[in-house]
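Q: Got a structure for you, query10.tsv, holding TSV, C-alpha atoms.
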```
chain	number	residue	atom	x	y	z
Q	1	MET	CA	29.76	-53.93	-45.41
Q	2	SER	CA	31.29	-56.39	-47.90
Q	3	GLY	CA	31.07	-56.00	-51.65
Q	4	THR	CA	28.52	-58.81	-51.89
Q	5	GLU	CA	26.32	-57.19	-49.24
Q	6	LEU	CA	26.60	-53.84	-51.03
Q	7	GLY	CA	25.56	-55.46	-54.30
Q	8	LEU	CA	22.67	-57.17	-52.52
Q	9	ALA	CA	21.44	-53.91	-50.99
Q	10	LEU	CA	21.81	-52.01	-54.28
Q	11	SER	CA	19.96	-54.70	-56.26
Q	12	VAL	CA	17.06	-54.71	-53.80
Q	13	PHE	CA	16.97	-50.89	-53.68
Q	14	LEU	CA	16.82	-50.52	-57.47
Q	15	ALA	CA	14.27	-53.32	-57.94
Q	16	CYS	CA	12.06	-51.95	-55.18
Q	17	THR	CA	12.32	-48.41	-56.55
Q	18	VAL	CA	11.14	-49.53	-59.99
Q	19	GLU	CA	8.19	-51.50	-58.62
Q	20	ALA	CA	7.30	-48.75	-56.13
Q	21	VAL	CA	7.16	-46.17	-58.94
Q	22	GLU	CA	4.76	-48.41	-60.88
Q	23	ALA	CA	2.61	-49.01	-57.79
Q	24	LEU	CA	2.59	-45.27	-57.06
Q	25	THR	CA	1.21	-44.56	-60.53
Q	26	ILE	CA	-1.70	-46.93	-59.89
Q	27	VAL	CA	-2.46	-45.47	-56.47
Q	28	LEU	CA	-2.27	-41.91	-57.81
Q	29	ALA	CA	-4.67	-42.75	-60.65
Q	30	VAL	CA	-7.43	-44.11	-58.40
Q	31	GLY	CA	-6.70	-41.67	-55.58
Q	32	THR	CA	-7.02	-38.52	-57.68
Q	33	SER	CA	-10.03	-39.72	-59.67
Q	34	ARG	CA	-11.97	-41.73	-57.05
Q	35	SER	CA	-11.06	-41.63	-53.33
Q	36	TRP	CA	-7.73	-40.99	-51.64
Q	37	SER	CA	-8.75	-42.63	-48.38
Q	38	SER	CA	-9.91	-45.82	-50.12
Q	39	ALA	CA	-6.76	-45.98	-52.26
Q	40	LEU	CA	-4.57	-45.56	-49.16
Q	41	TYR	CA	-6.53	-48.23	-47.28
Q	42	GLY	CA	-5.97	-50.65	-50.16
Q	43	SER	CA	-2.27	-49.78	-50.40
Q	44	GLY	CA	-1.74	-50.14	-46.65
Q	45	THR	CA	-3.50	-53.52	-46.56
Q	46	ALA	CA	-1.33	-54.82	-49.39
Q	47	ALA	CA	1.83	-53.50	-47.70
Q	48	LEU	CA	0.94	-55.28	-44.45
Q	49	ALA	CA	0.33	-58.54	-46.35
Q	50	LEU	CA	3.74	-58.26	-48.05
Q	51	ALA	CA	5.50	-57.47	-44.76
Q	52	ALA	CA	3.88	-60.51	-43.13
Q	53	LEU	CA	5.02	-62.68	-46.06
Q	54	VAL	CA	8.64	-61.55	-45.71
Q	55	ALA	CA	8.57	-61.97	-41.91
Q	56	ALA	CA	7.09	-65.47	-42.17
Q	57	LEU	CA	9.20	-66.90	-45.00
Q	58	GLY	CA	12.53	-65.24	-44.17
Q	59	PRO	CA	13.43	-67.48	-41.18
Q	60	ALA	CA	12.16	-70.56	-43.04
Q	61	LEU	CA	14.47	-69.91	-46.00
Q	62	THR	CA	17.55	-69.23	-43.90
Q	63	SER	CA	17.06	-72.54	-42.07
Q	64	LEU	CA	17.58	-74.56	-45.29
Q	65	PRO	CA	20.93	-76.29	-45.93
Q	66	ILE	CA	23.29	-73.82	-47.63
Q	67	ASP	CA	23.62	-75.75	-50.93
Q	68	VAL	CA	19.85	-76.22	-51.23
Q	69	LEU	CA	19.32	-72.56	-50.39
Q	70	ARG	CA	21.83	-71.35	-52.97
Q	71	LEU	CA	20.38	-73.60	-55.68
Q	72	LEU	CA	16.85	-72.40	-54.89
Q	73	VAL	CA	17.92	-68.76	-54.70
Q	74	GLY	CA	19.96	-69.02	-57.89
Q	75	GLY	CA	17.06	-70.53	-59.81
Q	76	LEU	CA	14.57	-67.91	-58.63
Q	77	LEU	CA	16.94	-65.02	-59.32
Q	78	LEU	CA	17.62	-66.33	-62.82
Q	79	VAL	CA	13.88	-66.53	-63.50
Q	80	PHE	CA	13.30	-62.94	-62.39
Q	81	GLY	CA	16.61	-61.57	-63.65
Q	82	LEU	CA	16.31	-62.97	-67.18
Q	83	GLN	CA	12.71	-61.74	-67.36
Q	84	TRP	CA	13.77	-58.19	-66.39
Q	85	LEU	CA	16.85	-58.29	-68.63
Q	86	ARG	CA	14.92	-59.57	-71.67
Q	87	LYS	CA	12.42	-56.71	-71.47
Q	88	ALA	CA	15.17	-54.15	-70.82
Q	89	VAL	CA	17.21	-55.34	-73.82
Q	90	LEU	CA	14.17	-55.24	-76.12
Q	91	ARG	CA	13.29	-51.72	-74.93
Q	92	ALA	CA	16.86	-50.46	-75.25
Q	93	ALA	CA	17.01	-51.86	-78.79
Q	94	GLY	CA	13.72	-50.21	-79.77
Q	95	VAL	CA	11.95	-53.54	-80.36
Q	96	LYS	CA	9.59	-52.97	-77.41
Q	97	PRO	CA	8.16	-49.53	-76.45
Q	98	LEU	CA	9.72	-47.83	-73.44
Q	99	HIS	CA	7.77	-47.92	-70.18
Q	100	ASP	CA	5.72	-44.70	-69.98
Q	101	GLU	CA	4.33	-43.81	-66.54
Q	102	GLN	CA	2.42	-40.79	-67.86
Q	103	ALA	CA	0.52	-42.94	-70.38
Q	104	LEU	CA	-0.22	-45.58	-67.73
Q	105	PHE	CA	-1.45	-42.88	-65.34
Q	106	ALA	CA	-3.77	-41.42	-68.00
Q	107	ALA	CA	-5.18	-44.87	-68.82
Q	108	GLY	CA	-5.69	-45.74	-65.15
Q	109	THR	CA	-7.37	-42.40	-64.42
Q	110	GLU	CA	-9.77	-42.80	-67.35
Q	111	ALA	CA	-10.69	-46.35	-66.29
Q	112	ALA	CA	-11.32	-45.18	-62.71
Q	113	ARG	CA	-13.59	-42.36	-63.86
Q	114	LEU	CA	-15.64	-44.70	-66.03
Q	115	ALA	CA	-16.05	-47.37	-63.33
Q	116	ARG	CA	-19.44	-47.61	-61.66
Q	117	PRO	CA	-19.50	-46.09	-58.13
Q	118	ARG	CA	-19.87	-48.65	-55.34
Q	119	ALA	CA	-19.18	-48.11	-51.64
Q	120	VAL	CA	-18.75	-50.78	-48.94
Q	121	ALA	CA	-18.71	-49.53	-45.34
Q	122	GLY	CA	-17.89	-46.06	-46.61
Q	123	ILE	CA	-14.93	-47.28	-48.71
Q	124	ASP	CA	-14.90	-46.93	-52.48
Q	125	ALA	CA	-14.63	-50.57	-53.57
Q	126	TYR	CA	-13.02	-49.82	-56.94
Q	127	ALA	CA	-10.28	-47.59	-55.50
Q	128	PHE	CA	-9.55	-50.05	-52.68
Q	129	VAL	CA	-9.34	-53.13	-54.91
Q	130	VAL	CA	-7.28	-51.51	-57.67
Q	131	ALA	CA	-4.82	-49.98	-55.19
Q	132	PHE	CA	-4.59	-53.23	-53.22
Q	133	LYS	CA	-4.04	-55.34	-56.33
Q	134	GLY	CA	-1.51	-52.92	-57.82
Q	135	VAL	CA	0.62	-52.68	-54.68
Q	136	LEU	CA	0.36	-56.42	-53.97
Q	137	LEU	CA	1.30	-57.55	-57.49
Q	138	GLU	CA	4.15	-55.07	-57.86
Q	139	GLY	CA	5.32	-55.87	-54.34
Q	140	LEU	CA	5.23	-59.66	-54.64
Q	141	GLU	CA	8.14	-59.66	-57.08
Q	142	VAL	CA	10.12	-57.40	-54.76
Q	143	ALA	CA	9.24	-59.60	-51.76
Q	144	VAL	CA	10.67	-62.63	-53.56
Q	145	ILE	CA	13.83	-60.68	-54.45
Q	146	VAL	CA	14.18	-59.48	-50.84
Q	147	LEU	CA	13.74	-63.01	-49.51
Q	148	THR	CA	16.02	-64.76	-51.99
Q	149	LEU	CA	18.86	-62.23	-51.99
Q	150	GLY	CA	18.61	-61.71	-48.23
Q	151	ALA	CA	18.40	-65.41	-47.39
Q	152	SER	CA	21.36	-66.31	-49.62
Q	153	GLN	CA	23.66	-64.24	-47.40
Q	154	HIS	CA	21.58	-64.58	-44.22
Q	155	ARG	CA	20.95	-60.83	-44.54
Q	156	VAL	CA	17.14	-60.65	-44.82
Q	157	PRO	CA	17.06	-57.58	-42.48
Q	158	LEU	CA	19.58	-55.79	-44.74
Q	159	ALA	CA	17.52	-56.58	-47.84
Q	160	ALA	CA	14.31	-55.51	-46.09
Q	161	ALA	CA	15.97	-52.26	-44.97
Q	162	ALA	CA	17.06	-51.51	-48.55
Q	163	ALA	CA	13.49	-52.13	-49.73
Q	164	GLY	CA	12.13	-49.88	-46.97
Q	165	VAL	CA	14.46	-47.04	-47.96
Q	166	ALA	CA	13.43	-47.33	-51.61
Q	167	ILE	CA	9.72	-47.28	-50.77
Q	168	THR	CA	10.17	-44.30	-48.47
Q	169	VAL	CA	12.07	-42.34	-51.13
Q	170	VAL	CA	9.41	-43.05	-53.78
Q	171	ILE	CA	6.53	-42.14	-51.44
Q	172	LEU	CA	8.17	-38.86	-50.41
Q	173	ALA	CA	8.89	-38.01	-54.05
Q	174	GLY	CA	5.30	-38.84	-55.00
Q	175	VAL	CA	3.88	-36.69	-52.20
Q	176	ALA	CA	6.10	-33.80	-53.27
Q	177	ALA	CA	5.31	-34.13	-56.98
Q	178	ARG	CA	1.65	-35.21	-56.68
Q	179	ALA	CA	2.15	-36.80	-60.10
Q	180	PRO	CA	3.66	-39.95	-61.62
Q	181	LEU	CA	7.44	-40.04	-61.33
Q	182	ALA	CA	7.95	-40.04	-65.09
Q	183	ARG	CA	11.46	-38.58	-64.81
Q	184	VAL	CA	12.79	-41.57	-62.91
Q	185	PRO	CA	15.12	-43.46	-65.34
Q	186	GLU	CA	12.99	-46.56	-64.90
Q	187	ASN	CA	14.07	-48.34	-68.09
Q	188	ALA	CA	17.78	-47.88	-67.27
Q	189	MET	CA	17.17	-49.09	-63.70
Q	190	LYS	CA	15.39	-52.20	-64.98
Q	191	PHE	CA	18.38	-52.91	-67.22
Q	192	ALA	CA	20.74	-52.63	-64.23
Q	193	VAL	CA	18.51	-54.79	-62.02
Q	194	GLY	CA	18.21	-57.43	-64.74
Q	195	VAL	CA	21.99	-57.63	-65.09
Q	196	MET	CA	22.58	-57.84	-61.33
Q	197	LEU	CA	19.85	-60.42	-60.60
Q	198	THR	CA	20.99	-62.62	-63.50
Q	199	SER	CA	24.59	-62.37	-62.31
Q	200	PHE	CA	23.75	-63.23	-58.70
Q	201	GLY	CA	21.48	-66.05	-59.89
Q	202	THR	CA	24.26	-67.51	-62.04
Q	203	PHE	CA	26.75	-67.24	-59.17
Q	204	TRP	CA	24.64	-68.83	-56.44
Q	205	GLY	CA	22.95	-71.36	-58.73
Q	206	ALA	CA	26.33	-72.72	-59.80
Q	207	GLU	CA	27.56	-72.85	-56.18
Q	208	GLY	CA	24.40	-74.65	-55.11
Q	209	ALA	CA	24.94	-77.22	-57.87
Q	210	GLY	CA	28.41	-77.96	-56.49
Q	211	ALA	CA	30.63	-75.71	-58.60
Q	212	SER	CA	33.19	-73.37	-57.06
Q	213	TRP	CA	34.11	-69.99	-58.49
Q	214	PRO	CA	37.77	-68.90	-58.69
Q	215	GLY	CA	38.26	-66.19	-56.09
Q	216	GLY	CA	34.96	-66.90	-54.31
Q	217	ASP	CA	32.72	-63.84	-54.03
Q	218	ALA	CA	35.28	-61.83	-56.02
Q	219	ALA	CA	34.11	-63.74	-59.12
Q	220	LEU	CA	31.08	-61.44	-59.13
Q	221	LEU	CA	33.41	-58.60	-60.15
Q	222	VAL	CA	33.88	-60.50	-63.42
Q	223	ILE	CA	30.41	-62.02	-63.81
Q	224	ILE	CA	28.49	-58.74	-63.49
Q	225	PRO	CA	30.56	-56.76	-66.08
Q	226	GLY	CA	30.52	-59.82	-68.36
Q	227	MET	CA	26.72	-60.05	-68.13
Q	228	LEU	CA	26.44	-56.31	-68.82
Q	229	LEU	CA	28.67	-56.54	-71.91
Q	230	ALA	CA	26.66	-59.52	-73.20
Q	231	ALA	CA	23.41	-57.60	-72.76
Q	232	LEU	CA	24.81	-54.50	-74.49
Q	233	ALA	CA	26.07	-56.67	-77.35
Q	234	MET	CA	22.55	-58.10	-77.71
Q	235	VAL	CA	21.12	-54.56	-77.82
Q	236	ALA	CA	23.59	-53.59	-80.56
Q	237	TRP	CA	22.77	-56.75	-82.56
Q	238	LEU	CA	19.02	-56.16	-82.32
Q	239	ARG	CA	19.43	-52.54	-83.42
Q	240	ARG	CA	21.53	-53.59	-86.41
Q	241	ALA	CA	19.32	-56.52	-87.49
Q	242	PRO	CA	16.41	-54.46	-88.99
Q	243	ALA	CA	18.84	-52.34	-91.05
Q	244	GLU	CA	20.58	-55.46	-92.38
Q	245	GLN	CA	17.23	-57.04	-93.24
Q	246	ALA	CA	16.10	-53.89	-95.02
Q	247	GLY	CA	19.39	-53.80	-96.97
Q	248	ALA	CA	18.98	-57.44	-97.98
Q	249	ARG	CA	15.43	-56.81	-99.24
Q	250	THR	CA	16.63	-53.82	-101.26
Q	251	ALA	CA	19.41	-55.88	-102.81
Q	252	ARG	CA	16.93	-58.56	-103.89
Q	253	GLN	CA	14.62	-56.07	-105.65
Q	254	PRO	CA	14.98	-56.02	-109.46
Q	255	ALA	CA	16.73	-52.97	-110.92
```
Take the structure from the file and write it as structure tokens.
A:
Amino acid sequence: MSGTELGLALSVFLACTVEAVEALTIVLAVGTSRSWSSALYGSGTAALALAALVAALGPALTSLPIDVLRLLVGGLLLVFGLQWLRKAVLRAAGVKPLHDEQALFAAGTEAARLARPRAVAGIDAYAFVVAFKGVLLEGLEVAVIVLTLGASQHRVPLAAAAAGVAITVVILAGVAARAPLARVPENAMKFAVGVMLTSFGTFWGAEGAGASWPGGDAALLVIIPGMLLAALAMVAWLRRAPAEQAGARTARQPA
């Protein structure tokens, strides 16, 4: 496995792990408070829809001309990567609260308990819909990442396998814990995924636009650390800004 393929698989694995943990919290909330069978039906239906999407669009993407594909992939990865990285930087700097699975689980459980009971063909409608929507929405972002990263290297099966491993690990951990996976370093993983997706997006977007990187794929060994250092510098600046503003206000106050 080449370094690019390893980076691809690791990016998909981390992204899928983060989204799977969030989906697991939703399913646990409605499963424990409403109906496990209905929550699992909803989750399974959403998973089948996502698998069909990847199977249908994967071959279509890989059939595109390589420059068009790289430009498309680069643009999509930059959209997702910068979104993930922005939130991760704000959380690391203390500007935005850290993601708290326990709090989300408590809120979801309370909402499920207060919802009016309604059954359709023996299935709890609330549990089914909430589980379906949660898994589908969290999974759609991962499906796009799997398709774009996989198609860019014509390695959709590799990306899908990495996603499958991540989902399996999260499900097994959830079954063992029977509780939200609050100890998973989700915020740190989102930071890493944001850096990697933004780096890959920059690399392939530039290639698709006609640029060539010195060293080819080896340029990623410079782009990824450079993106990480830039993000860490932004975190340090955001942490320092409130203190500098407070010091400036104090200096302006009359003695």
Q: Kindly indicate which residue among Q:Leu10, Q:Ala162, Q:Leu57, Q:Leu140 lies nearest to Q:Met196, using all atoms listed in the file for the distances.
A: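 When distances to Q:Met196 are compared using all atoms listed in the file, the smallest one comes from Q:Leu10.
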Q: Hey, can you check how far atom CA of Q:Ala131 sits from atom CA of Q:Ala106?
A: 15.4 Å
Q: In Å, rounded to a single decimal, give me how far atom CA of Q:Ser43 is from atom CA of Q:Arg118.
A: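 Separation of atom CA of Q:Arg118 and atom CA of Q:Ser43: 18.3 Å.
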Q: Under the rule that all atoms listed in the file are counted, which of Q:Leu221, Q:Ala112, Q:Ala103, Q:Ala188 is the nearest residue to Q:Val18?
A: Q:Ala188
Q: My list of candidates is Q:Leu72, Q:Leu220, Q:Ala176, Q:Leu147. Which is closest to Q:Gly7 when distances are computed with only C-alpha atoms?
A: Q:Leu220
Q: Just how far from atom CA of Q:Leu228 is atom CA of Q:Val156, in Å to one decimal?
A: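 Between atom CA of Q:Val156 and atom CA of Q:Leu228 the gap works out to 26.1 Å.
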Q: Can you pull out the residues contacting stretch 166-174 of chain Q? Cut-off 10 Å, using all atoms listed in the file, and skip same-chain residues under 5 positions away; I want them as a list in words.
A: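 Contacts, with the query itself left out: Leu10, Val12, Phe13, Leu14, Ala15, Cys16, Thr17, Val18, Glu19, Ala20, Val21, Ala23, Leu24, Thr25, Leu28, Ala160, Ala161, Ala179, Pro180, Leu181 and Val184 of chain Q.
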Q: Which residue is closest to Q:Pro65? Choose from Q:Ala107, Q:Val135, Q:Ile123, Q:Ala151 and count all atoms listed in the file.
A: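 Under the stated criterion, the closest residue is Q:Ala151.
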Q: Which is closer to Q:Gly139 than all the others in Q:Leu50, Q:Leu238, Q:Ala163, Q:Ala93, using all atoms listed in the file?
A: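 Closest to Q:Gly139, using all atoms listed in the file: Q:Leu50.
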Q: Which residue is closest to Q:Leu197? Choose from Q:Gly216, Q:Gly74, Q:Pro117, Q:Gly210 and count all atoms listed in the file.
A: Q:Gly74
Q: Determine, counting all atoms listed in the file, which protein, DNA and RNA residues have an atom within 9 Å of an atom of Q:His154; residues of the same chain fewer than 4 positions away are not included. Present the result as a list in words.
A: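 In the requested form, the answer reads Thr62, Leu149 and Gly150 of chain Q.
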Q: Mind checking which residues fall within 8 Å of Q:Val235, counting all atoms listed in the file, ignoring those fewer than 5 positions away in the same chain, and posting them as a list of chain:residue names?
A: Q:Val89, Q:Leu90, Q:Ala92, Q:Ala93
Q: At most 6 Å from (21.0, -73.5, -59.6), file frame, all atoms listed in the file: which residues, as a PyMOL selection string?
A: chain Q and resi 71+74-75+205-206+208-209
